Amino acid sequence: GAVVSQHPSWVICKSGTSVKIECRSLDFQATTMFWYRQFPKQSLMLMATSNEGSKATYEQGVEKDKFLINHASLTLSTLTVTSAHPEDSSFYICSASQGDTEAFFGQGTRLTVV
Amino acid sequence: GDSVTQMEGPVTLSEEAFLTINCTYTATGYPSLFWYVQYPGEGLQLLLKATKADDKGSNKGFEATYRKETTSFHLEKGSVQVSDSAVYFCARAYSSASKIIFGSGTRLSIRP
């Protein structure tokens, strides 16, 4: 299947700083990318949907000013966690799809805010 | 709203045992249904899918049949292996590329 790469795979940051997570589709052009958050031993919760060249659509309860999503090209979307706090510590996963094809998932990024 | 409900884990089985993980869904239309697997420390991988009623998805010995009458998509495997130990997520979406709604996940552990 197609490859979606997330970077970094893990990051530790200090409270109050911002962290950027990248999601790249390596061998296809991703018209749509999704960002999910997964708490320990829980399911994935969709945070937002982003289409290339347009603003992301956030799910209810997700702060768009805190979780900035940019989908500037057909192969790259970024999630920036601004002014991170310990409660933002989580596993963040992206997925990408081209048109109506299957969505492929990245390997995830574990964020720890200390 | 639309949702996916799957049996709670953890599920612990001996190698070569029969596996069933139940999954039911609610939806206003006719979604596609998926099973994803997450191995320790890794992201999600699509295990199998079915896009319409009575379709059977299968992969790696796992099977699931889209049952519209019972709104179910139970995952089964006839003989599990230690390497099947992982977390399994049932999910639905209105198309392969639309947002996916996941169940809570079921952790499966297989004893040698």
# chains A, B, ... in the order shown; residues from 1 in each chain; ligands from 1
call {"tool": "closest_atom_pairs", "arguments": {"of": "chain A", "to": "chain B", "cutoff": "12 Å", "atoms": "only C-alpha atoms", "output": "JSON lines"}}
result
{"residue": "A:Gly1", "atom": "CA", "partner": "B:Leu46", "partner_atom": "CA", "distance": 9.7}
{"residue": "A:Ala2", "atom": "CA", "partner": "B:Gln45", "partner_atom": "CA", "distance": 11.1}
{"residue": "A:Val3", "atom": "CA", "partner": "B:Gln45", "partner_atom": "CA", "distance": 11.0}
{"residue": "A:Val4", "atom": "CA", "partner": "B:Gly43", "partner_atom": "CA", "distance": 10.2}
{"residue": "A:Ser5", "atom": "CA", "partner": "B:Gly43", "partner_atom": "CA", "distance": 10.2}
{"residue": "A:Gln6", "atom": "CA", "partner": "B:Gly43", "partner_atom": "CA", "distance": 9.8}
{"residue": "A:Ser9", "atom": "CA", "partner": "B:Glu42", "partner_atom": "CA", "distance": 9.7}
{"residue": "A:Trp10", "atom": "CA", "partner": "B:Gly41", "partner_atom": "CA", "distance": 10.7}
{"residue": "A:Ala30", "atom": "CA", "partner": "B:Ala97", "partner_atom": "CA", "distance": 10.1}
{"residue": "A:Thr31", "atom": "CA", "partner": "B:Ala97", "partner_atom": "CA", "distance": 9.5}
{"residue": "A:Thr32", "atom": "CA", "partner": "B:Ala97", "partner_atom": "CA", "distance": 7.6}
{"residue": "A:Met33", "atom": "CA", "partner": "B:Ala97", "partner_atom": "CA", "distance": 9.0}
{"residue": "A:Phe34", "atom": "CA", "partner": "B:Lys99", "partner_atom": "CA", "distance": 7.3}
{"residue": "A:Trp35", "atom": "CA", "partner": "B:Lys99", "partner_atom": "CA", "distance": 9.7}
{"residue": "A:Tyr36", "atom": "CA", "partner": "B:Ile100", "partner_atom": "CA", "distance": 9.8}
{"residue": "A:Arg37", "atom": "CA", "partner": "B:Phe102", "partner_atom": "CA", "distance": 11.6}
{"residue": "A:Gln38", "atom": "CA", "partner": "B:Ser104", "partner_atom": "CA", "distance": 10.3}
{"residue": "A:Phe39", "atom": "CA", "partner": "B:Ser104", "partner_atom": "CA", "distance": 10.8}
{"residue": "A:Pro40", "atom": "CA", "partner": "B:Gly105", "partner_atom": "CA", "distance": 11.2}
{"residue": "A:Lys41", "atom": "CA", "partner": "B:Gly105", "partner_atom": "CA", "distance": 8.1}
{"residue": "A:Gln42", "atom": "CA", "partner": "B:Ser104", "partner_atom": "CA", "distance": 5.9}
{"residue": "A:Ser43", "atom": "CA", "partner": "B:Ser104", "partner_atom": "CA", "distance": 4.5}
{"residue": "A:Leu44", "atom": "CA", "partner": "B:Phe102", "partner_atom": "CA", "distance": 6.4}
{"residue": "A:Met45", "atom": "CA", "partner": "B:Phe102", "partner_atom": "CA", "distance": 7.5}
{"residue": "A:Leu46", "atom": "CA", "partner": "B:Lys99", "partner_atom": "CA", "distance": 7.6}
{"residue": "A:Met47", "atom": "CA", "partner": "B:Lys99", "partner_atom": "CA", "distance": 10.1}
{"residue": "A:Ala48", "atom": "CA", "partner": "B:Lys99", "partner_atom": "CA", "distance": 9.0}
{"residue": "A:Thr49", "atom": "CA", "partner": "B:Lys99", "partner_atom": "CA", "distance": 7.4}
{"residue": "A:Ser50", "atom": "CA", "partner": "B:Lys99", "partner_atom": "CA", "distance": 10.5}
{"residue": "A:Asn51", "atom": "CA", "partner": "B:Ser98", "partner_atom": "CA", "distance": 11.3}
{"residue": "A:Thr57", "atom": "CA", "partner": "B:Lys99", "partner_atom": "CA", "distance": 11.0}
{"residue": "A:Tyr58", "atom": "CA", "partner": "B:Lys99", "partner_atom": "CA", "distance": 11.4}
{"residue": "A:Glu59", "atom": "CA", "partner": "B:Lys99", "partner_atom": "CA", "distance": 10.5}
{"residue": "A:Phe91", "atom": "CA", "partner": "B:Gly43", "partner_atom": "CA", "distance": 9.7}
{"residue": "A:Tyr92", "atom": "CA", "partner": "B:Gly43", "partner_atom": "CA", "distance": 9.6}
{"residue": "A:Ile93", "atom": "CA", "partner": "B:Gly43", "partner_atom": "CA", "distance": 7.2}
{"residue": "A:Cys94", "atom": "CA", "partner": "B:Gly43", "partner_atom": "CA", "distance": 9.2}
{"residue": "A:Ser95", "atom": "CA", "partner": "B:Leu44", "partner_atom": "CA", "distance": 9.3}
{"residue": "A:Ala96", "atom": "CA", "partner": "B:Ala97", "partner_atom": "CA", "distance": 8.1}
{"residue": "A:Ser97", "atom": "CA", "partner": "B:Ala97", "partner_atom": "CA", "distance": 5.7}
{"residue": "A:Gln98", "atom": "CA", "partner": "B:Ala97", "partner_atom": "CA", "distance": 7.3}
{"residue": "A:Gly99", "atom": "CA", "partner": "B:Ala97", "partner_atom": "CA", "distance": 6.8}
{"residue": "A:Asp100", "atom": "CA", "partner": "B:Ala97", "partner_atom": "CA", "distance": 4.9}
{"residue": "A:Thr101", "atom": "CA", "partner": "B:Ser96", "partner_atom": "CA", "distance": 5.6}
{"residue": "A:Glu102", "atom": "CA", "partner": "B:Ser96", "partner_atom": "CA", "distance": 4.7}
{"residue": "A:Ala103", "atom": "CA", "partner": "B:Ala97", "partner_atom": "CA", "distance": 5.5}
{"residue": "A:Phe104", "atom": "CA", "partner": "B:Gln45", "partner_atom": "CA", "distance": 7.7}
{"residue": "A:Phe105", "atom": "CA", "partner": "B:Leu44", "partner_atom": "CA", "distance": 6.0}
{"residue": "A:Gly106", "atom": "CA", "partner": "B:Gly43", "partner_atom": "CA", "distance": 6.0}
{"residue": "A:Gln107", "atom": "CA", "partner": "B:Gly43", "partner_atom": "CA", "distance": 3.9}
{"residue": "A:Gly108", "atom": "CA", "partner": "B:Gly43", "partner_atom": "CA", "distance": 5.4}
{"residue": "A:Thr109", "atom": "CA", "partner": "B:Gly43", "partner_atom": "CA", "distance": 9.0}
{"residue": "A:Arg110", "atom": "CA", "partner": "B:Gly41", "partner_atom": "CA", "distance": 9.6}
call {"tool": "residues_around", "arguments": {"residues": "B:Leu108", "least_positions_apart": "5", "cutoff": "8 Å", "atoms": "only C-alpha atoms", "output": "JSON, numbers by chain"}}
result
{"B": [9, 10, 11, 12, 13, 84, 85, 86, 87, 88]}
call {"tool": "residues_around", "arguments": {"residues": "stretch 11-14 of chain A", "least_positions_apart": "6", "cutoff": "8 Å", "atoms": "only C-alpha atoms", "output": "list in words"}}
result
Ala84, His85, Thr109, Arg110, Leu111, Thr112, Val113 and Val114 of chain A
call {"tool": "closest_residue", "arguments": {"among": "A:Phe28, A:Cys23, A:Glu63, A:Ser54", "to": "A:Ser77", "atoms": "only C-alpha atoms"}}
result
A:Cys23
call {"tool": "residues_around", "arguments": {"residues": "B:Glu69", "least_positions_apart": "2", "cutoff": "10 Å", "atoms": "only C-alpha atoms", "output": "PDB file with N, CA and C atoms, in the first residue's frame"}}
result
ATOM      1  N   ALA B  53     -23.496  -4.327   1.863  1.00  0.00           N
ATOM      2  CA  ALA B  53     -24.119  -5.429   2.600  1.00  0.00           C
ATOM      3  C   ALA B  53     -23.767  -6.779   1.992  1.00  0.00           C
ATOM      4  N   ASP B  54     -23.500  -7.720   2.875  1.00  0.00           N
ATOM      5  CA  ASP B  54     -23.166  -9.105   2.556  1.00  0.00           C
ATOM      6  C   ASP B  54     -21.753  -9.296   2.008  1.00  0.00           C
ATOM      7  N   TYR B  66     -20.226  -7.989   6.359  1.00  0.00           N
ATOM      8  CA  TYR B  66     -21.083  -6.803   6.524  1.00  0.00           C
ATOM      9  C   TYR B  66     -22.528  -7.286   6.604  1.00  0.00           C
ATOM     10  N   ARG B  67     -23.105  -7.190   7.809  1.00  0.00           N
ATOM     11  CA  ARG B  67     -24.487  -7.632   8.017  1.00  0.00           C
ATOM     12  C   ARG B  67     -25.369  -6.424   8.232  1.00  0.00           C
ATOM     13  N   THR B  71     -26.718  -4.846  11.621  1.00  0.00           N
ATOM     14  CA  THR B  71     -25.745  -3.736  11.682  1.00  0.00           C
ATOM     15  C   THR B  71     -24.480  -4.166  12.403  1.00  0.00           C
ATOM     16  N   SER B  72     -23.908  -5.265  11.913  1.00  0.00           N
ATOM     17  CA  SER B  72     -22.727  -5.812  12.572  1.00  0.00           C
ATOM     18  C   SER B  72     -21.623  -6.089  11.579  1.00  0.00           C
TER      19      SER B  72
END
call {"tool": "decode", "arguments": {"residues": "stretch 86-105 of chain A", "atoms": "N, CA and C atoms", "output": "compact mmCIF listing (two decimals), in the first residue's frame"}}
result
# COMPACT_ATOMS: atom_id res chain seq x y z
N PRO A 86 0.81 19.94 29.62
CA PRO A 86 0.86 18.49 29.88
C PRO A 86 -0.38 17.74 29.41
N GLU A 87 -1.55 18.38 29.47
CA GLU A 87 -2.77 17.69 29.03
C GLU A 87 -2.81 17.48 27.53
N ASP A 88 -1.91 18.11 26.79
CA ASP A 88 -1.82 17.88 25.34
C ASP A 88 -0.99 16.64 25.02
N SER A 89 -0.36 16.07 26.04
CA SER A 89 0.43 14.86 25.82
C SER A 89 -0.48 13.76 25.29
N SER A 90 -0.09 13.17 24.20
CA SER A 90 -0.96 12.19 23.55
C SER A 90 -0.23 11.57 22.37
N PHE A 91 -0.90 10.67 21.70
CA PHE A 91 -0.39 10.06 20.47
C PHE A 91 -1.18 10.67 19.33
N TYR A 92 -0.50 11.31 18.41
CA TYR A 92 -1.17 11.98 17.29
C TYR A 92 -0.89 11.19 16.02
N ILE A 93 -1.95 10.90 15.27
CA ILE A 93 -1.82 10.09 14.06
C ILE A 93 -2.47 10.81 12.89
N CYS A 94 -1.81 10.81 11.76
CA CYS A 94 -2.41 11.39 10.56
C CYS A 94 -2.77 10.27 9.59
N SER A 95 -3.69 10.57 8.71
CA SER A 95 -3.97 9.68 7.60
C SER A 95 -4.14 10.52 6.35
N ALA A 96 -3.92 9.91 5.22
CA ALA A 96 -3.97 10.63 3.95
C ALA A 96 -4.66 9.79 2.90
N SER A 97 -5.39 10.46 2.02
CA SER A 97 -6.06 9.75 0.94
C SER A 97 -6.00 10.60 -0.33
N GLN A 98 -6.16 9.91 -1.44
CA GLN A 98 -6.18 10.60 -2.74
C GLN A 98 -7.54 10.35 -3.37
N GLY A 99 -8.30 11.40 -3.53
CA GLY A 99 -9.65 11.26 -4.07
C GLY A 99 -10.47 10.37 -3.15
N ASP A 100 -11.08 9.34 -3.72
CA ASP A 100 -11.92 8.46 -2.93
C ASP A 100 -11.23 7.14 -2.64
N THR A 101 -9.92 7.15 -2.65
CA THR A 101 -9.20 5.91 -2.37
C THR A 101 -9.07 5.70 -0.88
N GLU A 102 -8.56 4.58 -0.52
CA GLU A 102 -8.35 4.22 0.88
C GLU A 102 -7.46 5.24 1.58
N ALA A 103 -7.74 5.48 2.86
CA ALA A 103 -6.90 6.34 3.68
C ALA A 103 -5.78 5.52 4.27
N PHE A 104 -4.56 6.05 4.20
CA PHE A 104 -3.39 5.36 4.75
C PHE A 104 -2.89 6.16 5.96
N PHE A 105 -2.48 5.42 6.98
CA PHE A 105 -2.12 6.05 8.24
C PHE A 105 -0.61 6.16 8.41
